[in-house]
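Note: the block below is input20.txt and it holds compact mmCIF, C-alpha atoms and all ligand atoms.
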```txt
# COMPACT_ATOMS: atom_id res chain seq x y z
CA MET A 9 0.00 0.00 0.00
CA THR A 10 1.25 3.48 -0.77
CA LEU A 11 1.43 6.32 1.77
CA GLU A 12 -1.30 8.09 -0.19
CA SER A 13 -3.74 5.21 -0.08
CA LEU A 14 -3.04 4.62 3.65
CA ARG A 15 -3.75 8.30 4.26
CA ASN A 16 -6.95 8.08 2.24
CA ASP A 17 -8.09 5.20 4.45
CA ILE A 18 -7.22 7.24 7.55
CA ASP A 19 -9.29 10.16 6.18
CA THR A 20 -12.28 7.86 5.67
CA LEU A 21 -12.01 6.54 9.24
CA ASP A 22 -11.58 10.06 10.65
CA ASP A 23 -14.80 11.10 8.89
CA GLN A 24 -16.58 8.17 10.51
CA LEU A 25 -15.04 8.97 13.91
CA LEU A 26 -16.25 12.56 13.67
CA THR A 27 -19.77 11.44 12.76
CA LEU A 28 -19.80 8.99 15.67
CA LEU A 29 -18.39 11.59 18.08
CA ASN A 30 -21.08 14.05 17.03
CA GLN A 31 -23.73 11.36 17.58
CA ARG A 32 -22.24 10.73 21.04
CA MET A 33 -22.33 14.46 21.81
CA GLU A 34 -26.00 14.60 20.79
CA LEU A 35 -26.74 11.92 23.42
CA VAL A 36 -24.59 13.76 25.96
CA ARG A 37 -26.50 16.97 25.27
CA ARG A 38 -29.72 15.12 26.10
CA VAL A 39 -28.14 13.68 29.28
CA GLY A 40 -27.22 17.28 30.19
CA GLU A 41 -30.81 18.45 29.70
CA LEU A 42 -32.09 15.61 31.84
CA LYS A 43 -29.56 16.34 34.56
CA ARG A 44 -30.31 20.03 34.61
CA SER A 45 -34.04 19.34 34.94
CA THR A 46 -33.40 17.09 37.95
CA ASN A 47 -30.53 19.19 39.35
CA ALA A 48 -28.21 16.19 39.11
CA VAL A 49 -24.42 16.61 39.07
CA ILE A 50 -22.65 16.59 35.72
CA TYR A 51 -19.29 15.07 36.67
CA ARG A 52 -19.64 11.34 37.38
CA PRO A 53 -16.13 9.90 37.81
CA GLU A 54 -17.50 6.44 38.66
CA ARG A 55 -19.45 6.32 35.37
CA GLU A 56 -16.35 7.43 33.45
CA LYS A 57 -14.32 4.67 35.11
CA GLN A 58 -17.02 2.13 34.23
CA ILE A 59 -16.88 3.16 30.56
CA ILE A 60 -13.06 2.93 30.43
CA ASP A 61 -13.06 -0.46 32.24
CA ARG A 62 -15.61 -1.83 29.79
CA LEU A 63 -13.75 -0.55 26.72
CA HIS A 64 -10.44 -1.89 28.02
CA GLU A 65 -11.90 -5.33 28.74
CA GLN A 66 -13.43 -5.79 25.31
CA ASN A 67 -10.54 -4.18 23.45
CA ASN A 68 -8.46 -6.36 21.15
CA GLY A 69 -6.69 -3.71 19.11
CA LEU A 70 -3.42 -1.84 19.46
CA LEU A 71 -4.58 0.67 22.09
CA ASN A 72 -3.51 -0.10 25.65
CA ARG A 73 -5.33 1.14 28.76
CA PRO A 74 -3.40 4.43 29.17
CA ALA A 75 -4.11 5.24 25.50
CA ILE A 76 -7.82 4.44 25.86
CA GLU A 77 -7.88 6.56 29.01
CA ALA A 78 -6.13 9.52 27.39
CA ILE A 79 -8.57 9.56 24.47
CA PHE A 80 -11.75 8.99 26.47
CA LEU A 81 -10.92 11.33 29.36
CA GLU A 82 -10.62 14.08 26.76
CA ILE A 83 -13.97 13.02 25.24
CA PHE A 84 -15.60 13.10 28.70
CA ALA A 85 -14.11 16.54 29.37
CA VAL A 86 -15.59 17.86 26.12
CA SER A 87 -18.90 16.17 27.01
CA ARG A 88 -19.04 17.78 30.44
CA ASN A 89 -18.36 21.16 28.90
CA LEU A 90 -21.23 20.64 26.51
CA GLU A 91 -23.51 19.67 29.39
CA LEU A 92 -22.44 22.64 31.51
CA PRO A 93 -19.20 24.61 31.26
CA GLU A 94 -17.57 24.36 34.67
CA ARG A 95 -14.66 26.40 35.95
CA VAL A 96 -11.72 24.60 37.54
CA ALA A 97 -9.41 26.36 40.02
CA TYR A 98 -5.97 24.90 40.67
CA LEU A 99 -2.76 25.72 42.47
CA GLY A 100 -0.77 27.59 39.83
CA PRO A 101 1.14 28.96 38.19
CA GLU A 102 0.10 27.81 34.74
CA GLY A 103 2.23 24.86 33.77
CA SER A 104 2.55 23.59 37.37
CA PHE A 105 2.18 19.90 38.15
CA THR A 106 -1.24 20.70 39.66
CA HIS A 107 -2.19 22.23 36.29
CA GLN A 108 -1.05 19.02 34.64
CA ALA A 109 -3.12 16.98 37.11
CA ALA A 110 -6.18 19.19 36.52
CA GLU A 111 -5.84 18.95 32.75
CA SER A 112 -5.50 15.18 32.92
CA ARG A 113 -9.06 15.07 34.34
CA PHE A 114 -10.78 18.13 32.95
CA GLY A 115 -9.17 18.17 29.51
CA ALA A 116 -8.01 20.97 27.27
CA MET A 117 -11.48 22.52 26.81
CA SER A 118 -12.31 23.46 30.40
CA THR A 119 -11.97 26.94 31.82
CA TYR A 120 -9.14 27.08 34.33
CA MET A 121 -8.18 29.52 37.05
CA ALA A 122 -4.56 29.41 38.25
CA LEU A 123 -4.44 30.60 41.87
CA SER A 124 -1.32 31.32 43.86
CA THR A 125 -2.17 29.56 47.15
CA ILE A 126 -3.85 26.35 48.25
CA ARG A 127 -6.12 28.43 50.50
CA SER A 128 -7.34 30.53 47.56
CA VAL A 129 -8.23 27.33 45.67
CA PHE A 130 -10.37 26.19 48.64
CA GLU A 131 -11.95 29.65 48.89
CA SER A 132 -12.78 29.89 45.21
CA VAL A 133 -14.75 26.62 45.46
CA GLU A 134 -16.34 27.66 48.74
CA THR A 135 -17.56 30.94 47.25
CA GLU A 136 -18.57 29.17 44.01
CA ARG A 137 -16.23 31.15 41.80
CA ALA A 138 -15.08 27.72 40.65
CA ARG A 139 -17.08 24.49 40.55
CA PHE A 140 -14.00 22.32 41.21
CA GLY A 141 -10.64 22.90 42.87
CA VAL A 142 -7.47 20.85 42.40
CA VAL A 143 -4.77 20.83 45.10
CA PRO A 144 -1.76 18.64 45.87
CA ILE A 145 -2.26 16.56 49.02
CA GLU A 146 0.87 14.41 49.28
CA ASN A 147 4.02 13.27 47.56
CA ASN A 148 5.19 9.72 48.02
CA GLN A 149 8.77 10.83 48.73
CA GLU A 150 8.22 14.07 50.67
CA GLY A 151 4.98 13.32 52.63
CA VAL A 152 1.76 15.31 53.04
CA VAL A 153 1.04 18.90 52.11
CA GLU A 154 0.07 20.11 55.58
CA GLU A 155 -1.71 23.26 54.42
CA ALA A 156 -4.08 21.22 52.25
CA ILE A 157 -4.77 18.72 55.05
CA ASP A 158 -5.57 21.52 57.53
CA LEU A 159 -7.89 23.25 55.06
CA LEU A 160 -9.89 20.02 54.73
CA LEU A 161 -10.79 20.48 58.41
CA GLU A 162 -11.25 24.24 58.27
CA LYS A 163 -13.39 24.44 55.11
CA ASP A 164 -16.53 22.51 54.40
CA LEU A 165 -15.65 20.99 51.01
CA ARG A 166 -16.06 17.47 49.64
CA ILE A 167 -13.62 15.24 47.79
CA VAL A 168 -14.79 14.33 44.29
CA ALA A 169 -11.80 12.34 43.08
CA GLU A 170 -8.10 11.74 43.48
CA ILE A 171 -5.45 12.02 40.79
CA GLN A 172 -1.98 10.54 41.02
CA ILE A 173 0.64 11.65 38.59
CA PRO A 174 4.26 10.67 38.23
CA VAL A 175 6.50 13.69 38.62
CA HIS A 176 8.40 13.72 35.35
CA PHE A 177 10.74 16.50 34.31
CA THR A 178 11.67 17.47 30.79
CA PHE A 179 14.68 19.35 29.50
CA ALA A 180 13.44 22.10 27.23
CA THR A 181 15.46 24.57 25.21
CA GLN A 182 15.45 26.61 22.03
CA ALA A 183 19.19 26.10 21.62
CA GLU A 184 20.33 24.10 18.59
CA SER A 185 22.99 22.24 20.50
CA LEU A 186 23.67 21.43 24.16
CA ALA A 187 27.08 23.08 23.88
CA ASP A 188 25.36 26.44 23.19
CA ILE A 189 23.52 26.43 26.54
CA THR A 190 24.99 28.80 29.11
CA HIS A 191 22.21 28.86 31.77
CA ILE A 192 19.67 26.30 32.97
CA TYR A 193 16.63 27.46 34.97
CA SER A 194 14.52 25.42 37.39
CA LYS A 195 13.30 25.08 40.97
CA ASP A 196 16.07 23.93 43.32
CA ILE A 197 14.17 20.75 44.24
CA ALA A 198 13.91 19.89 40.52
CA PHE A 199 17.67 20.35 40.08
CA ARG A 200 18.18 17.93 42.98
CA GLN A 201 15.78 15.39 41.50
CA CYS A 202 17.50 15.51 38.10
CA SER A 203 21.10 15.66 39.30
CA ARG A 204 22.24 12.51 37.51
CA PHE A 205 21.08 13.79 34.11
CA LEU A 206 22.59 17.24 34.72
CA ASN A 207 25.91 15.73 35.78
CA ASP A 208 26.01 13.38 32.82
CA TYR A 209 25.30 16.04 30.22
CA PHE A 210 26.56 19.29 31.69
CA ASP A 211 29.52 18.44 33.84
CA GLU A 212 31.90 19.24 31.04
CA LEU A 213 29.71 21.76 29.25
CA LYS A 214 29.69 24.02 32.32
CA ALA A 215 26.23 25.57 32.03
CA GLU A 216 25.20 27.52 35.12
CA LEU A 217 22.21 26.23 37.14
CA ILE A 218 19.93 29.10 38.17
CA PRO A 219 17.17 28.39 40.73
CA VAL A 220 13.85 30.25 40.22
CA GLU A 221 10.47 30.10 42.10
CA SER A 222 8.73 27.60 39.86
CA THR A 223 9.45 25.28 36.99
CA SER A 224 6.85 27.25 34.96
CA LYS A 225 8.89 30.41 35.45
CA ALA A 226 11.94 28.43 34.27
CA ALA A 227 10.10 27.46 31.07
CA LYS A 228 9.02 31.06 30.52
CA LEU A 229 12.61 32.33 30.88
CA ALA A 230 13.87 29.63 28.53
CA SER A 231 11.28 30.76 25.98
CA GLN A 232 12.52 34.36 26.18
CA GLN A 233 16.30 33.93 26.28
CA PRO A 234 18.40 32.16 23.67
CA TYR A 235 21.16 29.81 24.90
CA THR A 236 19.18 28.91 28.03
CA ALA A 237 17.21 25.81 29.03
CA ALA A 238 14.60 24.81 31.60
CA VAL A 239 14.08 21.72 33.70
CA CYS A 240 10.29 21.78 33.88
CA SER A 241 7.05 19.83 33.48
CA GLY A 242 5.98 18.77 30.00
CA ILE A 243 2.92 21.00 30.26
CA ALA A 244 5.06 24.09 31.04
CA ALA A 245 7.31 23.43 28.04
CA LYS A 246 4.21 23.09 25.86
CA LEU A 247 2.60 26.20 27.31
CA PHE A 248 5.63 28.41 26.63
CA ASP A 249 6.43 26.71 23.37
CA VAL A 250 9.92 25.57 24.28
CA PRO A 251 11.02 22.45 22.37
CA VAL A 252 11.55 19.40 24.60
CA LEU A 253 14.97 17.86 24.01
CA PHE A 254 14.78 15.13 26.67
CA ASP A 255 11.82 13.61 28.54
CA ASN A 256 11.80 11.95 31.97
CA ILE A 257 15.18 13.23 33.10
CA GLU A 258 14.49 12.62 36.82
CA ASP A 259 16.80 10.30 38.79
CA SER A 260 13.95 8.22 40.24
CA ASP A 261 10.84 7.19 38.36
CA LEU A 262 9.07 6.38 41.64
CA ASN A 263 8.28 10.00 42.50
CA ARG A 264 4.49 10.48 42.47
CA THR A 265 2.21 13.24 43.69
CA ARG A 266 -1.39 12.78 44.71
CA PHE A 267 -3.94 15.54 44.11
CA LEU A 268 -7.55 15.94 45.25
CA ILE A 269 -10.42 17.36 43.25
CA LEU A 270 -12.71 19.29 45.59
CA ALA A 271 -16.25 20.58 45.25
CA LYS A 272 -18.71 22.29 47.53
CA ASP A 273 -21.25 19.52 47.46
CA PHE A 274 -20.67 16.18 45.94
CA VAL A 275 -21.76 12.57 46.29
CA ASN A 276 -20.31 9.81 44.12
CA GLN A 277 -22.16 6.57 43.54
CA PRO A 278 -20.15 3.42 44.44
CA SER A 279 -17.87 2.22 41.65
CA GLY A 280 -16.80 -1.06 43.27
CA HIS A 281 -13.24 0.24 43.70
CA ASP A 282 -13.53 3.17 46.08
CA LYS A 283 -11.71 4.95 48.84
CA THR A 284 -13.29 7.02 51.61
CA THR A 285 -11.74 9.96 53.44
CA LEU A 286 -12.96 10.94 56.91
CA ILE A 287 -12.17 13.51 59.56
CA ALA A 288 -12.36 12.33 63.17
CA ARG A 289 -12.44 14.67 66.15
CA LEU A 290 -12.63 12.20 68.98
CA PRO A 291 -13.38 13.54 72.45
CA ASN A 292 -10.85 12.63 75.10
CA THR A 293 -8.14 10.99 73.07
CA GLN A 294 -6.05 11.46 76.18
CA SER A 295 -8.14 8.80 77.94
CA PRO A 296 -6.77 5.30 77.53
CA GLY A 297 -8.18 3.32 74.63
CA VAL A 298 -10.35 5.97 72.92
CA LEU A 299 -8.28 6.15 69.73
CA ALA A 300 -7.44 2.43 69.73
CA GLU A 301 -11.10 1.43 70.15
CA PHE A 302 -12.15 3.73 67.32
CA LEU A 303 -9.57 2.22 64.97
CA GLN A 304 -10.54 -1.25 66.12
CA GLU A 305 -14.05 -0.66 64.75
CA PHE A 306 -12.57 -0.65 61.25
CA ASN A 307 -10.60 -3.79 61.91
CA THR A 308 -13.51 -5.79 63.31
CA ARG A 309 -15.53 -4.95 60.19
CA ASN A 310 -12.66 -5.91 57.89
CA ILE A 311 -12.36 -2.40 56.53
CA ASN A 312 -8.83 -1.71 55.38
CA LEU A 313 -7.58 1.56 56.90
CA THR A 314 -4.96 2.89 54.51
CA LYS A 315 -3.96 6.19 56.09
CA ILE A 316 -4.11 8.08 59.36
CA GLU A 317 -2.70 11.55 59.75
CA SER A 318 -2.72 13.44 63.09
CA ARG A 319 -2.97 17.21 63.01
CA PRO A 320 -3.07 19.66 65.91
CA LEU A 321 -6.53 20.93 66.89
CA ARG A 322 -5.01 24.26 67.96
CA GLU A 323 -7.40 24.57 70.91
CA GLY A 324 -5.66 26.64 73.53
CA ALA A 325 -2.39 25.49 75.04
CA THR A 326 -3.22 21.79 74.79
CA PHE A 327 -1.83 18.90 72.79
CA LYS A 328 -5.01 17.70 71.14
CA TYR A 329 -5.38 16.29 67.68
CA TRP A 330 -7.83 15.60 64.92
CA PHE A 331 -7.29 12.75 62.50
CA LEU A 332 -7.59 12.40 58.75
CA LEU A 333 -8.42 8.79 57.96
CA GLU A 334 -8.62 6.94 54.68
CA CYS A 335 -10.03 3.50 54.15
CA GLU A 336 -11.01 1.27 51.28
CA GLY A 337 -14.69 1.11 50.39
CA HIS A 338 -17.62 3.48 49.95
CA ALA A 339 -19.60 5.34 52.61
CA ASN A 340 -22.73 3.47 51.42
CA ASP A 341 -21.17 0.11 52.36
CA PRO A 342 -23.22 -1.11 55.36
CA ASP A 343 -20.13 -1.69 57.53
CA LEU A 344 -18.74 1.77 56.99
CA GLN A 345 -22.20 3.24 57.39
CA GLU A 346 -22.38 1.64 60.85
CA ILE A 347 -19.18 3.38 61.93
CA LEU A 348 -20.40 6.68 60.53
CA ASN A 349 -23.73 6.35 62.34
CA HIS A 350 -22.08 5.26 65.54
CA HIS A 351 -19.78 8.31 65.51
CA ALA A 352 -22.11 10.79 63.83
CA ALA A 353 -21.12 13.59 66.21
CA GLU A 354 -17.38 13.28 65.84
CA VAL A 355 -16.74 11.89 62.36
CA LYS A 356 -17.26 13.86 59.17
CA LEU A 357 -17.34 12.25 55.75
CA LEU A 358 -15.25 14.15 53.19
CA GLY A 359 -16.09 11.84 50.34
CA SER A 360 -16.01 8.42 48.73
CA TYR A 361 -14.39 8.33 45.34
CA VAL A 362 -12.76 6.04 42.80
CA ARG A 363 -9.53 4.61 44.25
CA VAL A 364 -6.62 5.08 41.87
CA SER A 365 -4.45 2.30 43.29
O1 LIG A 401 -23.36 9.52 31.93
C1 LIG A 401 -23.36 10.69 32.35
O2 LIG A 401 -23.81 10.98 33.48
C2 LIG A 401 -22.87 11.77 31.49
O3 LIG A 401 -23.01 12.92 31.85
C3 LIG A 401 -22.13 11.42 30.24
C4 LIG A 401 -20.63 11.34 30.44
C5 LIG A 401 -20.02 10.79 29.12
O4 LIG A 401 -19.49 11.56 28.35
O5 LIG A 401 -20.14 9.57 28.92
C6 LIG A 401 -20.10 12.71 30.72
C7 LIG A 401 -19.83 13.16 31.99
C8 LIG A 401 -19.87 12.31 33.16
O6 LIG A 401 -18.77 12.57 34.00
C9 LIG A 401 -19.96 10.88 32.83
C10 LIG A 401 -20.26 10.44 31.57
```
As structure tokens, how would this structure be written, given the file I've shared?
Amino acid sequence: MTLESLRNDIDTLDDQLLTLLNQRMELVRRVGELKRSTNAVIYRPEREKQIIDRLHEQNNGLLNRPAIEAIFLEIFAVSRNLELPERVAYLGPEGSFTHQAAESRFGAMSTYMALSTIRSVFESVETERARFGVVPIENNQEGVVEEAIDLLLEKDLRIVAEIQIPVHFTFATQAESLADITHIYSKDIAFRQCSRFLNDYFDELKAELIPVESTSKAAKLASQQPYTAAVCSGIAAKLFDVPVLFDNIEDSDLNRTRFLILAKDFVNQPSGHDKTTLIARLPNTQSPGVLAEFLQEFNTRNINLTKIESRPLREGATFKYWFLLECEGHANDPDLQEILNHHAAEVKLLGSYVRVS
């Protein structure tokens, strides 16, 4: 087959894909009308997961699961925008890893607001300037983001979904050759995490490493100044139009960050593979057994507790704590429901949502 005839076949299939996508959007538009008439929520992560699971199971072509996910998450994002355009606030600046996390769920078509603090993301959702907020909650190498954890107690928001993304860095530059590069910009932590690559390539070339506030700023500088480069996220390089010379230049490929999507009011239906996040303010944790007995309630019901984080209650000059707990399962599961009922006064449900891993 010639290139031309292969391309002709691709054109024919693309025409069919477009027709099918438009047919799908017509159905989605009707779903949107139905939902608006019943005041139902537009974003249904558990339904999206169900669709991707089903497609993956029946698939026997070349596309693997990440490819199916990438294509369909973008389709869902376009669908949701058609049903009701929804604004997404995230911890900026543009091109940050939180931006990348937000885009991985809400797609290229959503309206985004880059905010400069985690608190302002919470507040924008609270005051309904944004329908959803995306914040980092923990990194598997560095631990939790304390500000985000504390705001979960302070503000009355719900968790819609979690996103986990590997922290990959790219090396982006406009320079024609590595030997031309005199300065490399990035955040100091990113330099540390890419030290092997930088040593291998630049030890002899002697480019100067210049730390700046964010990897997005680094990409911006590299877009403005010839003979410079940036160690930054892929999304920042794309945003500032700096060609990526090397991908995944980090020393360890185990570095992952977990983000939460927050909304003012949100209830997910069970997906069969869920996680639940709770806040517990137990009275008298200084009395023997109070905390242990509470945790035991999960154990006796065979509920797998996956995380417990203690944070100071900041009540006077005392050492008192509240706890952020995560367990497998959905708040509708009868066993978990029992615990929630039993501790209605001291336990608050932040959300049940599709468990990533
Ligand atoms: O099934 C729905 O509830 C829809 O709104 C449709 C749809 C889709 O495109 O398939 C879009 C948004 C939801 O997050 C889930 C699925």
Sorted by chain and rising residue number, list the residues of chain A at most 8 Å from ligand LIG 401 (chain A) (counting all atoms listed in the file), each with its closest atom pair and distance in Å to one decimal, as a tab-separated table.
```
residue	atom	partner	partner_atom	distance
A:Arg32	CA	A:LIG401	O4	7.9
A:Met33	CA	A:LIG401	O4	7.7
A:Val36	CA	A:LIG401	C3	5.5
A:Val39	CA	A:LIG401	O3	5.8
A:Gly40	CA	A:LIG401	O3	6.3
A:Lys43	CA	A:LIG401	O3	7.9
A:Val49	CA	A:LIG401	O2	8.0
A:Ile50	CA	A:LIG401	O3	5.3
A:Tyr51	CA	A:LIG401	O6	3.7
A:Arg52	CA	A:LIG401	O6	3.7
A:Pro53	CA	A:LIG401	O6	5.3
A:Glu54	CA	A:LIG401	C9	7.7
A:Arg55	CA	A:LIG401	C9	5.2
A:Glu56	CA	A:LIG401	C9	5.0
A:Ile59	CA	A:LIG401	O5	7.4
A:Ile83	CA	A:LIG401	O4	6.5
A:Phe84	CA	A:LIG401	O4	4.2
A:Ala85	CA	A:LIG401	C7	7.1
A:Val86	CA	A:LIG401	O4	7.7
A:Ser87	CA	A:LIG401	O4	4.8
A:Arg88	CA	A:LIG401	C7	4.9
A:Glu91	CA	A:LIG401	O3	7.2
```
| Residues within 9 Å of Arg266 in chain A, all atoms listed in the file, excluding chain neighbours under 5 positions, as an NGL selection string | :A and (109 or 143-148 or 170-174)
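For the pair CA of Lys57 in chain A and CA of Leu81 in chain A, the separation is 9.4 Å.
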| query | To one decimal place, how far is CA of Pro74 in chain A from CA of Asn89 in chain A in Å? | reply |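 Computing the Euclidean distance for CA of Pro74 in chain A and CA of Asn89 in chain A yields 22.4 Å.
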| Residues at most 8 Å from range 205-213 of chain A, counting only C-alpha atoms, excluding those fewer than 6 positions away in the same chain, as a list in words? |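 So the residues in contact are Leu186, Ala187, Phe199, Ile257, Glu258 and Asp259 of chain A.
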| task | Tell me, in Å to one decimal, how far CA of Glu131 in chain A is from CA of Gln108 in chain A. | result |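 Going from CA of Glu131 in chain A over to CA of Gln108 in chain A, I get 20.9 Å.
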Can you patch up range 198-217 of chain A, filling it in to N, CA and C atoms, and show the result as a CSV table (one decimal), keeping the file's coordinate frame?
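Output file out-v5.csv is given in full below:
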```csv
chain,number,residue,atom,x,y,z
A,198,ALA,N,13.9,20.6,41.8
A,198,ALA,CA,13.9,19.9,40.5
A,198,ALA,C,15.4,19.6,40.1
A,199,PHE,N,16.2,20.6,40.4
A,199,PHE,CA,17.7,20.4,40.1
A,199,PHE,C,18.1,19.1,40.9
A,200,ARG,N,17.7,19.1,42.2
A,200,ARG,CA,18.2,17.9,43.0
A,200,ARG,C,17.7,16.6,42.4
A,201,GLN,N,16.4,16.6,42.0
A,201,GLN,CA,15.8,15.4,41.5
A,201,GLN,C,16.3,15.0,40.1
A,202,CYS,N,17.0,15.9,39.4
A,202,CYS,CA,17.5,15.5,38.1
A,202,CYS,C,19.0,15.6,38.1
A,203,SER,N,19.7,15.4,39.2
A,203,SER,CA,21.1,15.7,39.3
A,203,SER,C,21.9,14.7,38.4
A,204,ARG,N,21.5,13.5,38.3
A,204,ARG,CA,22.2,12.5,37.5
A,204,ARG,C,22.3,13.0,36.0
A,205,PHE,N,21.1,13.3,35.5
A,205,PHE,CA,21.1,13.8,34.1
A,205,PHE,C,22.0,15.0,33.9
A,206,LEU,N,21.8,16.0,34.9
A,206,LEU,CA,22.6,17.2,34.7
A,206,LEU,C,24.1,17.0,34.8
A,207,ASN,N,24.5,16.1,35.7
A,207,ASN,CA,25.9,15.7,35.8
A,207,ASN,C,26.4,15.1,34.5
A,208,ASP,N,25.6,14.1,34.0
A,208,ASP,CA,26.0,13.4,32.8
A,208,ASP,C,26.2,14.3,31.6
A,209,TYR,N,25.3,15.2,31.5
A,209,TYR,CA,25.3,16.0,30.2
A,209,TYR,C,26.0,17.4,30.4
A,210,PHE,N,26.1,17.9,31.6
A,210,PHE,CA,26.6,19.3,31.7
A,210,PHE,C,27.8,19.5,32.5
A,211,ASP,N,28.3,18.3,33.0
A,211,ASP,CA,29.5,18.4,33.8
A,211,ASP,C,30.6,19.1,33.1
A,212,GLU,N,30.8,18.7,31.8
A,212,GLU,CA,31.9,19.2,31.0
A,212,GLU,C,31.5,20.5,30.3
A,213,LEU,N,30.2,20.6,30.0
A,213,LEU,CA,29.7,21.8,29.2
A,213,LEU,C,29.6,23.1,30.1
A,214,LYS,N,29.6,22.9,31.4
A,214,LYS,CA,29.7,24.0,32.3
A,214,LYS,C,28.6,25.1,32.2
A,215,ALA,N,27.3,24.6,32.0
A,215,ALA,CA,26.2,25.6,32.0
A,215,ALA,C,25.9,25.9,33.5
A,216,GLU,N,25.5,27.1,33.7
A,216,GLU,CA,25.2,27.5,35.1
A,216,GLU,C,23.8,27.2,35.5
A,217,LEU,N,23.6,26.6,36.7
A,217,LEU,CA,22.2,26.2,37.1
A,217,LEU,C,21.6,27.4,37.9
```
